$ cat structure_9.txt   # compact mmCIF, N, CA and C atoms
# COMPACT_ATOMS: atom_id res chain seq x y z
N GLN A 1 0.84 -1.18 0.00
CA GLN A 1 0.00 0.00 0.00
C GLN A 1 0.88 1.24 0.00
N VAL A 2 0.63 2.12 -0.92
CA VAL A 2 1.40 3.35 -1.03
C VAL A 2 0.76 4.42 -0.16
N GLN A 3 1.58 5.14 0.55
CA GLN A 3 1.11 6.24 1.38
C GLN A 3 1.96 7.48 1.13
N LEU A 4 1.33 8.63 1.30
CA LEU A 4 2.03 9.91 1.17
C LEU A 4 1.97 10.61 2.52
N ALA A 5 3.11 10.91 3.07
CA ALA A 5 3.19 11.58 4.37
C ALA A 5 3.55 13.04 4.17
N GLU A 6 2.69 13.92 4.65
CA GLU A 6 2.91 15.36 4.50
C GLU A 6 3.30 15.97 5.85
N SER A 7 4.02 17.07 5.75
CA SER A 7 4.34 17.84 6.95
C SER A 7 4.63 19.27 6.55
N GLY A 8 4.63 20.16 7.53
CA GLY A 8 5.07 21.52 7.30
C GLY A 8 4.01 22.59 7.31
N GLY A 9 2.75 22.23 7.46
CA GLY A 9 1.72 23.25 7.51
C GLY A 9 1.81 24.06 8.80
N GLY A 10 0.98 25.09 8.90
CA GLY A 10 0.96 25.90 10.10
C GLY A 10 0.28 27.23 9.86
N SER A 11 0.50 28.14 10.79
CA SER A 11 -0.10 29.47 10.72
C SER A 11 1.00 30.52 10.60
N VAL A 12 0.81 31.45 9.68
CA VAL A 12 1.78 32.53 9.50
C VAL A 12 1.03 33.82 9.23
N GLN A 13 1.73 34.91 9.39
CA GLN A 13 1.17 36.21 9.04
C GLN A 13 1.36 36.49 7.56
N PRO A 14 0.56 37.36 7.00
CA PRO A 14 0.76 37.71 5.59
C PRO A 14 2.19 38.15 5.32
N GLY A 15 2.71 37.68 4.21
CA GLY A 15 4.10 37.94 3.86
C GLY A 15 5.06 36.89 4.34
N GLY A 16 4.58 35.99 5.17
CA GLY A 16 5.43 34.95 5.72
C GLY A 16 5.66 33.79 4.76
N SER A 17 6.41 32.80 5.26
CA SER A 17 6.78 31.65 4.44
C SER A 17 6.54 30.35 5.19
N LEU A 18 6.25 29.32 4.44
CA LEU A 18 6.16 27.96 4.96
C LEU A 18 6.73 27.01 3.92
N ARG A 19 7.16 25.85 4.40
CA ARG A 19 7.69 24.82 3.49
C ARG A 19 6.99 23.51 3.81
N LEU A 20 6.35 22.96 2.80
CA LEU A 20 5.66 21.69 2.92
C LEU A 20 6.54 20.58 2.39
N SER A 21 6.42 19.41 3.00
CA SER A 21 7.14 18.23 2.55
C SER A 21 6.18 17.08 2.31
N CYS A 22 6.52 16.24 1.37
CA CYS A 22 5.70 15.06 1.07
C CYS A 22 6.63 13.90 0.73
N SER A 23 6.49 12.82 1.47
CA SER A 23 7.35 11.66 1.26
C SER A 23 6.50 10.42 1.02
N PRO A 24 6.68 9.76 -0.11
CA PRO A 24 5.93 8.54 -0.37
C PRO A 24 6.60 7.34 0.30
N SER A 25 5.79 6.36 0.62
CA SER A 25 6.29 5.11 1.17
C SER A 25 5.46 3.97 0.63
N GLY A 26 6.00 2.75 0.76
CA GLY A 26 5.29 1.59 0.26
C GLY A 26 6.02 0.99 -0.93
N SER A 27 5.35 0.05 -1.55
CA SER A 27 5.95 -0.66 -2.66
C SER A 27 5.67 0.09 -3.96
N ILE A 28 6.70 0.75 -4.46
CA ILE A 28 6.56 1.64 -5.61
C ILE A 28 7.49 1.22 -6.73
N PHE A 29 6.95 1.06 -7.93
CA PHE A 29 7.80 0.80 -9.09
C PHE A 29 8.30 2.11 -9.67
N SER A 30 7.39 3.06 -9.85
CA SER A 30 7.78 4.37 -10.37
C SER A 30 6.74 5.41 -9.99
N ILE A 31 7.17 6.65 -10.06
CA ILE A 31 6.26 7.77 -9.81
C ILE A 31 6.20 8.60 -11.08
N ASP A 32 5.03 8.72 -11.64
CA ASP A 32 4.87 9.42 -12.91
C ASP A 32 4.69 10.92 -12.72
N ALA A 33 4.13 11.33 -11.62
CA ALA A 33 3.92 12.75 -11.35
C ALA A 33 3.67 12.94 -9.87
N MET A 34 4.04 14.10 -9.38
CA MET A 34 3.74 14.48 -7.99
C MET A 34 3.38 15.95 -7.98
N GLY A 35 2.56 16.31 -7.03
CA GLY A 35 2.16 17.71 -6.97
C GLY A 35 1.46 18.06 -5.69
N TRP A 36 1.04 19.32 -5.65
CA TRP A 36 0.31 19.84 -4.51
C TRP A 36 -1.00 20.45 -4.97
N TYR A 37 -2.06 20.04 -4.33
CA TYR A 37 -3.36 20.65 -4.53
C TYR A 37 -3.76 21.33 -3.22
N ARG A 38 -4.70 22.24 -3.33
CA ARG A 38 -5.19 22.89 -2.12
C ARG A 38 -6.69 23.10 -2.21
N GLN A 39 -7.32 23.13 -1.05
CA GLN A 39 -8.76 23.34 -0.98
C GLN A 39 -9.07 24.33 0.12
N ALA A 40 -9.56 25.48 -0.30
CA ALA A 40 -9.95 26.51 0.65
C ALA A 40 -11.39 26.26 1.11
N PRO A 41 -11.77 26.79 2.26
CA PRO A 41 -13.14 26.58 2.76
C PRO A 41 -14.17 27.03 1.73
N GLY A 42 -15.11 26.14 1.44
CA GLY A 42 -16.19 26.47 0.53
C GLY A 42 -15.81 26.46 -0.94
N LYS A 43 -14.59 26.04 -1.24
CA LYS A 43 -14.15 26.03 -2.63
C LYS A 43 -13.73 24.64 -3.05
N GLN A 44 -13.62 24.46 -4.36
CA GLN A 44 -13.17 23.18 -4.89
C GLN A 44 -11.66 23.04 -4.75
N ARG A 45 -11.22 21.80 -4.73
CA ARG A 45 -9.79 21.54 -4.70
C ARG A 45 -9.18 22.01 -6.02
N GLU A 46 -8.03 22.68 -5.92
CA GLU A 46 -7.38 23.20 -7.10
C GLU A 46 -5.89 22.87 -7.08
N LEU A 47 -5.33 22.80 -8.27
CA LEU A 47 -3.91 22.54 -8.39
C LEU A 47 -3.11 23.77 -7.98
N ALA A 48 -2.05 23.55 -7.18
CA ALA A 48 -1.13 24.63 -6.86
C ALA A 48 0.17 24.47 -7.65
N ALA A 49 0.72 23.27 -7.64
CA ALA A 49 1.98 23.02 -8.34
C ALA A 49 2.07 21.54 -8.64
N VAL A 50 2.73 21.22 -9.76
CA VAL A 50 2.88 19.83 -10.15
C VAL A 50 4.22 19.62 -10.82
N MET A 51 4.80 18.46 -10.58
CA MET A 51 6.01 18.03 -11.28
C MET A 51 5.61 16.92 -12.24
N THR A 52 5.82 17.14 -13.51
CA THR A 52 5.43 16.16 -14.51
C THR A 52 6.46 15.05 -14.63
N GLY A 53 6.13 14.05 -15.40
CA GLY A 53 7.01 12.90 -15.54
C GLY A 53 8.38 13.22 -16.11
N ASP A 54 8.47 14.31 -16.87
CA ASP A 54 9.75 14.67 -17.45
C ASP A 54 10.53 15.63 -16.56
N GLY A 55 10.02 15.84 -15.35
CA GLY A 55 10.76 16.65 -14.39
C GLY A 55 10.47 18.12 -14.43
N ASN A 56 9.53 18.55 -15.24
CA ASN A 56 9.18 19.97 -15.30
C ASN A 56 8.18 20.33 -14.20
N PHE A 57 8.25 21.56 -13.77
CA PHE A 57 7.34 22.05 -12.74
C PHE A 57 6.37 23.06 -13.35
N ASN A 58 5.11 22.89 -13.05
CA ASN A 58 4.08 23.82 -13.50
C ASN A 58 3.33 24.36 -12.29
N TYR A 59 2.96 25.63 -12.37
CA TYR A 59 2.32 26.30 -11.24
C TYR A 59 1.02 26.95 -11.65
N ALA A 60 0.09 27.02 -10.69
CA ALA A 60 -1.11 27.79 -10.91
C ALA A 60 -0.74 29.27 -10.98
N ALA A 61 -1.49 30.02 -11.76
CA ALA A 61 -1.18 31.44 -11.95
C ALA A 61 -1.19 32.18 -10.61
N SER A 62 -2.03 31.75 -9.70
CA SER A 62 -2.17 32.44 -8.42
C SER A 62 -0.97 32.28 -7.50
N VAL A 63 -0.12 31.28 -7.77
CA VAL A 63 1.03 31.04 -6.90
C VAL A 63 2.36 31.23 -7.62
N LYS A 64 2.32 31.38 -8.92
CA LYS A 64 3.55 31.49 -9.71
C LYS A 64 4.36 32.69 -9.25
N GLY A 65 5.64 32.46 -9.06
CA GLY A 65 6.52 33.51 -8.59
C GLY A 65 6.64 33.58 -7.08
N ARG A 66 5.73 32.91 -6.38
CA ARG A 66 5.77 32.91 -4.91
C ARG A 66 6.05 31.51 -4.36
N PHE A 67 5.55 30.49 -5.04
CA PHE A 67 5.73 29.11 -4.61
C PHE A 67 6.77 28.44 -5.50
N THR A 68 7.57 27.59 -4.89
CA THR A 68 8.57 26.83 -5.63
C THR A 68 8.52 25.38 -5.20
N MET A 69 8.31 24.51 -6.14
CA MET A 69 8.29 23.07 -5.87
C MET A 69 9.64 22.49 -6.22
N SER A 70 10.10 21.55 -5.41
CA SER A 70 11.37 20.89 -5.67
C SER A 70 11.26 19.42 -5.30
N ARG A 71 12.29 18.67 -5.70
CA ARG A 71 12.27 17.23 -5.46
C ARG A 71 13.63 16.75 -5.00
N ASP A 72 13.60 15.83 -4.07
CA ASP A 72 14.79 15.09 -3.66
C ASP A 72 14.71 13.72 -4.31
N ASN A 73 15.48 13.51 -5.37
CA ASN A 73 15.38 12.25 -6.12
C ASN A 73 15.73 11.04 -5.27
N ALA A 74 16.67 11.20 -4.38
CA ALA A 74 17.10 10.06 -3.56
C ALA A 74 15.98 9.58 -2.65
N LYS A 75 15.14 10.50 -2.21
CA LYS A 75 14.06 10.14 -1.29
C LYS A 75 12.71 10.07 -1.97
N ASN A 76 12.66 10.43 -3.25
CA ASN A 76 11.37 10.54 -3.95
C ASN A 76 10.45 11.55 -3.29
N SER A 77 11.01 12.41 -2.47
CA SER A 77 10.20 13.40 -1.76
C SER A 77 10.09 14.68 -2.56
N VAL A 78 9.00 15.40 -2.33
CA VAL A 78 8.82 16.70 -2.95
C VAL A 78 8.54 17.73 -1.87
N TYR A 79 8.85 18.97 -2.22
CA TYR A 79 8.70 20.05 -1.27
C TYR A 79 8.00 21.22 -1.96
N LEU A 80 7.32 22.01 -1.17
CA LEU A 80 6.69 23.21 -1.69
C LEU A 80 7.09 24.37 -0.80
N GLN A 81 7.98 25.21 -1.31
CA GLN A 81 8.39 26.41 -0.60
C GLN A 81 7.40 27.52 -0.94
N MET A 82 6.74 28.04 0.06
CA MET A 82 5.70 29.05 -0.15
C MET A 82 6.15 30.36 0.49
N ASN A 83 6.36 31.35 -0.34
CA ASN A 83 6.79 32.67 0.12
C ASN A 83 5.70 33.70 -0.15
N SER A 84 5.84 34.84 0.49
CA SER A 84 4.89 35.95 0.30
C SER A 84 3.45 35.47 0.43
N LEU A 85 3.20 34.70 1.45
CA LEU A 85 1.87 34.14 1.65
C LEU A 85 0.86 35.24 1.96
N ASN A 86 -0.34 35.05 1.46
CA ASN A 86 -1.42 35.98 1.74
C ASN A 86 -2.66 35.21 2.20
N PRO A 87 -3.64 35.89 2.75
CA PRO A 87 -4.81 35.17 3.30
C PRO A 87 -5.51 34.27 2.28
N GLU A 88 -5.41 34.61 0.99
CA GLU A 88 -6.05 33.79 -0.04
C GLU A 88 -5.36 32.44 -0.21
N ASP A 89 -4.20 32.28 0.38
CA ASP A 89 -3.50 31.00 0.33
C ASP A 89 -3.96 30.06 1.44
N THR A 90 -4.80 30.54 2.33
CA THR A 90 -5.31 29.70 3.41
C THR A 90 -6.11 28.55 2.82
N ALA A 91 -5.72 27.33 3.17
CA ALA A 91 -6.35 26.14 2.61
C ALA A 91 -5.74 24.90 3.26
N ILE A 92 -6.38 23.78 2.98
CA ILE A 92 -5.74 22.49 3.28
C ILE A 92 -4.96 22.10 2.03
N TYR A 93 -3.70 21.80 2.21
CA TYR A 93 -2.83 21.44 1.10
C TYR A 93 -2.64 19.92 1.08
N TYR A 94 -2.87 19.35 -0.08
CA TYR A 94 -2.80 17.90 -0.25
C TYR A 94 -1.67 17.54 -1.21
N CYS A 95 -0.86 16.61 -0.80
CA CYS A 95 0.14 16.05 -1.70
C CYS A 95 -0.54 15.01 -2.58
N TYR A 96 -0.12 14.97 -3.81
CA TYR A 96 -0.70 14.06 -4.81
C TYR A 96 0.43 13.34 -5.54
N ALA A 97 0.21 12.10 -5.87
CA ALA A 97 1.18 11.37 -6.68
C ALA A 97 0.47 10.37 -7.57
N ARG A 98 0.92 10.30 -8.79
CA ARG A 98 0.47 9.23 -9.70
C ARG A 98 1.57 8.19 -9.71
N VAL A 99 1.24 7.04 -9.16
CA VAL A 99 2.23 6.02 -8.85
C VAL A 99 1.93 4.73 -9.60
N VAL A 100 3.00 4.07 -10.05
CA VAL A 100 2.90 2.70 -10.52
C VAL A 100 3.35 1.82 -9.35
N PRO A 101 2.41 1.16 -8.68
CA PRO A 101 2.80 0.33 -7.53
C PRO A 101 3.49 -0.94 -7.99
N TRP A 102 4.23 -1.54 -7.07
CA TRP A 102 4.90 -2.82 -7.34
C TRP A 102 4.26 -3.90 -6.49
N ASP A 103 3.90 -4.98 -7.16
CA ASP A 103 3.31 -6.14 -6.49
C ASP A 103 4.44 -7.07 -6.09
N ASN A 104 4.82 -7.01 -4.82
CA ASN A 104 5.94 -7.82 -4.34
C ASN A 104 5.65 -9.32 -4.40
N ARG A 105 4.40 -9.66 -4.14
CA ARG A 105 4.05 -11.08 -4.09
C ARG A 105 4.19 -11.73 -5.45
N ASN A 106 3.75 -11.03 -6.48
CA ASN A 106 3.77 -11.59 -7.83
C ASN A 106 4.88 -11.03 -8.71
N ASN A 107 5.70 -10.14 -8.12
CA ASN A 107 6.86 -9.61 -8.81
C ASN A 107 6.46 -8.97 -10.15
N ARG A 108 5.56 -8.00 -10.06
CA ARG A 108 5.09 -7.35 -11.27
C ARG A 108 4.60 -5.94 -10.97
N ARG A 109 4.54 -5.14 -12.01
CA ARG A 109 3.96 -3.81 -11.89
C ARG A 109 2.45 -3.90 -11.84
N LEU A 110 1.86 -2.98 -11.13
CA LEU A 110 0.42 -2.84 -11.10
C LEU A 110 0.03 -1.59 -11.90
N PRO A 111 -1.23 -1.49 -12.27
CA PRO A 111 -1.64 -0.28 -13.02
C PRO A 111 -1.42 0.99 -12.20
N SER A 112 -1.06 2.05 -12.88
CA SER A 112 -0.86 3.31 -12.17
C SER A 112 -2.16 3.81 -11.58
N ARG A 113 -2.05 4.51 -10.48
CA ARG A 113 -3.23 5.10 -9.85
C ARG A 113 -2.79 6.33 -9.07
N ASP A 114 -3.77 7.12 -8.70
CA ASP A 114 -3.52 8.35 -7.97
C ASP A 114 -3.62 8.12 -6.47
N TYR A 115 -2.69 8.75 -5.75
CA TYR A 115 -2.70 8.69 -4.30
C TYR A 115 -2.71 10.11 -3.73
N TRP A 116 -3.28 10.24 -2.55
CA TRP A 116 -3.39 11.54 -1.88
C TRP A 116 -2.88 11.44 -0.45
N GLY A 117 -2.24 12.51 0.00
CA GLY A 117 -1.89 12.62 1.40
C GLY A 117 -3.11 12.99 2.22
N GLN A 118 -2.92 13.06 3.52
CA GLN A 118 -4.04 13.34 4.43
C GLN A 118 -4.37 14.82 4.48
N GLY A 119 -3.49 15.65 3.98
CA GLY A 119 -3.72 17.09 3.97
C GLY A 119 -3.07 17.76 5.16
N THR A 120 -2.58 18.97 4.93
CA THR A 120 -1.99 19.76 6.01
C THR A 120 -2.53 21.19 5.91
N GLN A 121 -2.93 21.73 7.04
CA GLN A 121 -3.57 23.04 7.07
C GLN A 121 -2.54 24.16 6.99
N VAL A 122 -2.80 25.10 6.11
CA VAL A 122 -2.02 26.33 6.01
C VAL A 122 -2.97 27.50 6.26
N THR A 123 -2.66 28.30 7.26
CA THR A 123 -3.50 29.43 7.61
C THR A 123 -2.66 30.70 7.59
N VAL A 124 -3.12 31.69 6.82
CA VAL A 124 -2.43 32.96 6.71
C VAL A 124 -3.38 34.05 7.22
N SER A 125 -3.01 34.65 8.31
CA SER A 125 -3.86 35.70 8.90
C SER A 125 -3.00 36.66 9.71
N PRO A 126 -3.48 37.93 9.83
CA PRO A 126 -2.71 38.95 10.59
C PRO A 126 -2.56 38.54 12.05
$ encode --input "structure_9.txt" --output "structure tokens"
Amino acid sequence: QVQLAESGGGSVQPGGSLRLSCSPSGSIFSIDAMGWYRQAPGKQRELAAVMTGDGNFNYAASVKGRFTMSRDNAKNSVYLQMNSLNPEDTAIYYCYARVVPWDNRNNRRLPSRDYWGQGTQVTVSP
């Protein structure tokens, strides 16, 4: 079973910074994409940043220039550095990964599927 462990949320004042981390665990053959989504109260979940299979990073227009996503290849972990935070960034942030799991019992790849972390709260207020 693949799991995504998130950390790094919290409360900051406008203009502050936070860094989120996401580390996958479990039996994994490959990771095709990883990213961060967020869901503000009363709103739909939206993409904040994503790393595609070719290693490129794409950002939502609302966070571009303020958020930076990075990856530690050795750990398969991803990070989201969030700077110049404003109250509109308040949301639950979810780590996402499209993973090809590995079936240890039968020694084979399984079909790729999407996995989600449990979410971490980010609150920006004076």
$ atom_distance --input "structure_9.txt" --atom1 "atom CA of Asn56 of chain A" --atom2 "atom N of Arg38 of chain A"
18.5 Å
$ select_by_dssp --input "structure_9.txt" --residues "segment 2-106 of chain A" --states "strand (DSSP E)" --output "MDAnalysis selection string"
chainID A and resid 3:7 10:12 18:25 28:39 46:51 57:59 67:72 77:82 91:103
$ residues_around --input "structure_9.txt" --residues "Gly53 of chain A" --least-positions-apart "6" --cutoff "8 Å" --atoms "only N, CA and C atoms" --output "tab-separated table (two decimals) with N, CA and C atoms, keeping the file's coordinate frame"
chain	number	residue	atom	x	y	z
A	31	ILE	N	7.17	6.65	-10.06
A	31	ILE	CA	6.26	7.77	-9.81
A	31	ILE	C	6.20	8.60	-11.08
A	32	ASP	N	5.03	8.72	-11.64
A	32	ASP	CA	4.87	9.42	-12.91
A	32	ASP	C	4.69	10.92	-12.72
A	33	ALA	N	4.13	11.33	-11.62
A	33	ALA	CA	3.92	12.75	-11.35
A	33	ALA	C	3.67	12.94	-9.87
A	34	MET	N	4.04	14.10	-9.38
A	34	MET	CA	3.74	14.48	-7.99
A	34	MET	C	3.38	15.95	-7.98
$ axis_aligned_box --input "structure_9.txt" --around "segment 118-126 of chain A" --padding-each-side "6 Å" --output "JSON"
{"center_x": -3.2, "center_y": 26.0, "center_z": 7.8, "size_x": 14.4, "size_y": 37.9, "size_z": 20.5}
$ atom_distance --input "structure_9.txt" --atom1 "atom C of Tyr59 of chain A" --atom2 "atom N of Gly35 of chain A"
11.7 Å
$ residues_around --input "structure_9.txt" --residues "segment 2-17 of chain A" --least-positions-apart "3" --cutoff "10 Å" --atoms "only C-alpha atoms" --output "PyMOL selection string"
chain A and resi 20-28+66-67+77-97+99-102+114-126
$ atom_distance --input "structure_9.txt" --atom1 "atom CA of Leu47 of chain A" --atom2 "atom N of Ala60 of chain A"
6.4 Å
$ residues_around --input "structure_9.txt" --residues "Val50 of chain A" --least-positions-apart "2" --cutoff "5 Å" --atoms "all atoms listed in the file" --output "PyMOL selection string"
chain A and resi 34-36+48+52+57-58
$ closest_residue --input "structure_9.txt" --among "A:Gln44, A:Ser62, A:Thr68, A:Asn104" --to "Phe29 of chain A" --atoms "only C-alpha atoms"
A:Asn104
$ closest_residue --input "structure_9.txt" --among "A:Met69, A:Ala74, A:Gln1, A:Leu110" --to "Met51 of chain A" --atoms "only N, CA and C atoms"
A:Met69
$ decode --input "structure_9.txt" --residues "segment 41-52 of chain A" --atoms "all heavy atoms" --output "compact mmCIF listing (two decimals), in the first residue's frame"
# COMPACT_ATOMS: atom_id res chain seq x y z
N PRO A 41 -11.77 26.79 2.26
CA PRO A 41 -13.14 26.58 2.76
C PRO A 41 -14.17 27.03 1.73
O PRO A 41 -14.10 28.14 1.20
CB PRO A 41 -13.18 27.46 4.01
CG PRO A 41 -11.77 27.56 4.45
CD PRO A 41 -10.95 27.57 3.20
N GLY A 42 -15.11 26.14 1.44
CA GLY A 42 -16.19 26.47 0.53
C GLY A 42 -15.81 26.46 -0.94
O GLY A 42 -16.62 26.84 -1.79
N LYS A 43 -14.59 26.04 -1.24
CA LYS A 43 -14.15 26.03 -2.63
C LYS A 43 -13.73 24.64 -3.05
O LYS A 43 -13.50 23.76 -2.23
CB LYS A 43 -12.99 27.02 -2.82
CG LYS A 43 -13.36 28.47 -2.59
CD LYS A 43 -12.21 29.39 -2.95
CE LYS A 43 -12.62 30.85 -2.80
NZ LYS A 43 -11.49 31.76 -3.17
N GLN A 44 -13.62 24.46 -4.36
CA GLN A 44 -13.17 23.18 -4.89
C GLN A 44 -11.66 23.04 -4.75
O GLN A 44 -10.93 24.04 -4.69
CB GLN A 44 -13.59 23.05 -6.36
CG GLN A 44 -15.08 22.90 -6.57
CD GLN A 44 -15.42 22.59 -8.02
OE1 GLN A 44 -14.68 22.93 -8.93
NE2 GLN A 44 -16.54 21.93 -8.23
N ARG A 45 -11.22 21.80 -4.73
CA ARG A 45 -9.79 21.54 -4.70
C ARG A 45 -9.18 22.01 -6.02
O ARG A 45 -9.72 21.75 -7.09
CB ARG A 45 -9.53 20.06 -4.48
CG ARG A 45 -8.08 19.71 -4.18
CD ARG A 45 -7.93 18.24 -3.85
NE ARG A 45 -8.66 17.87 -2.64
CZ ARG A 45 -8.54 16.69 -2.04
NH1 ARG A 45 -7.71 15.77 -2.54
NH2 ARG A 45 -9.24 16.41 -0.95
N GLU A 46 -8.03 22.68 -5.92
CA GLU A 46 -7.38 23.20 -7.10
C GLU A 46 -5.89 22.87 -7.08
O GLU A 46 -5.28 22.72 -6.03
CB GLU A 46 -7.55 24.72 -7.19
CG GLU A 46 -6.91 25.49 -6.05
CD GLU A 46 -7.00 27.00 -6.24
OE1 GLU A 46 -7.71 27.48 -7.14
OE2 GLU A 46 -6.33 27.71 -5.45
N LEU A 47 -5.33 22.80 -8.27
CA LEU A 47 -3.91 22.54 -8.39
C LEU A 47 -3.11 23.77 -7.98
O LEU A 47 -3.43 24.89 -8.38
CB LEU A 47 -3.57 22.18 -9.83
CG LEU A 47 -2.09 21.99 -10.15
CD1 LEU A 47 -1.57 20.73 -9.50
CD2 LEU A 47 -1.87 21.96 -11.66
N ALA A 48 -2.05 23.55 -7.18
CA ALA A 48 -1.13 24.63 -6.86
C ALA A 48 0.17 24.47 -7.65
O ALA A 48 0.65 25.42 -8.26
CB ALA A 48 -0.84 24.65 -5.36
N ALA A 49 0.72 23.27 -7.64
CA ALA A 49 1.98 23.02 -8.34
C ALA A 49 2.07 21.54 -8.64
O ALA A 49 1.57 20.71 -7.89
CB ALA A 49 3.17 23.46 -7.50
N VAL A 50 2.73 21.22 -9.76
CA VAL A 50 2.88 19.83 -10.15
C VAL A 50 4.22 19.62 -10.82
O VAL A 50 4.72 20.51 -11.52
CB VAL A 50 1.72 19.38 -11.08
CG1 VAL A 50 1.77 20.12 -12.41
CG2 VAL A 50 1.76 17.87 -11.30
N MET A 51 4.80 18.46 -10.58
CA MET A 51 6.01 18.03 -11.28
C MET A 51 5.61 16.92 -12.24
O MET A 51 5.08 15.89 -11.82
CB MET A 51 7.05 17.51 -10.30
CG MET A 51 8.35 17.09 -10.97
SD MET A 51 9.48 16.30 -9.83
CE MET A 51 8.63 14.74 -9.55
N THR A 52 5.82 17.14 -13.51
CA THR A 52 5.43 16.16 -14.51
C THR A 52 6.46 15.05 -14.63
O THR A 52 7.54 15.12 -14.05
CB THR A 52 5.23 16.85 -15.87
OG1 THR A 52 6.48 17.46 -16.25
CG2 THR A 52 4.16 17.92 -15.78
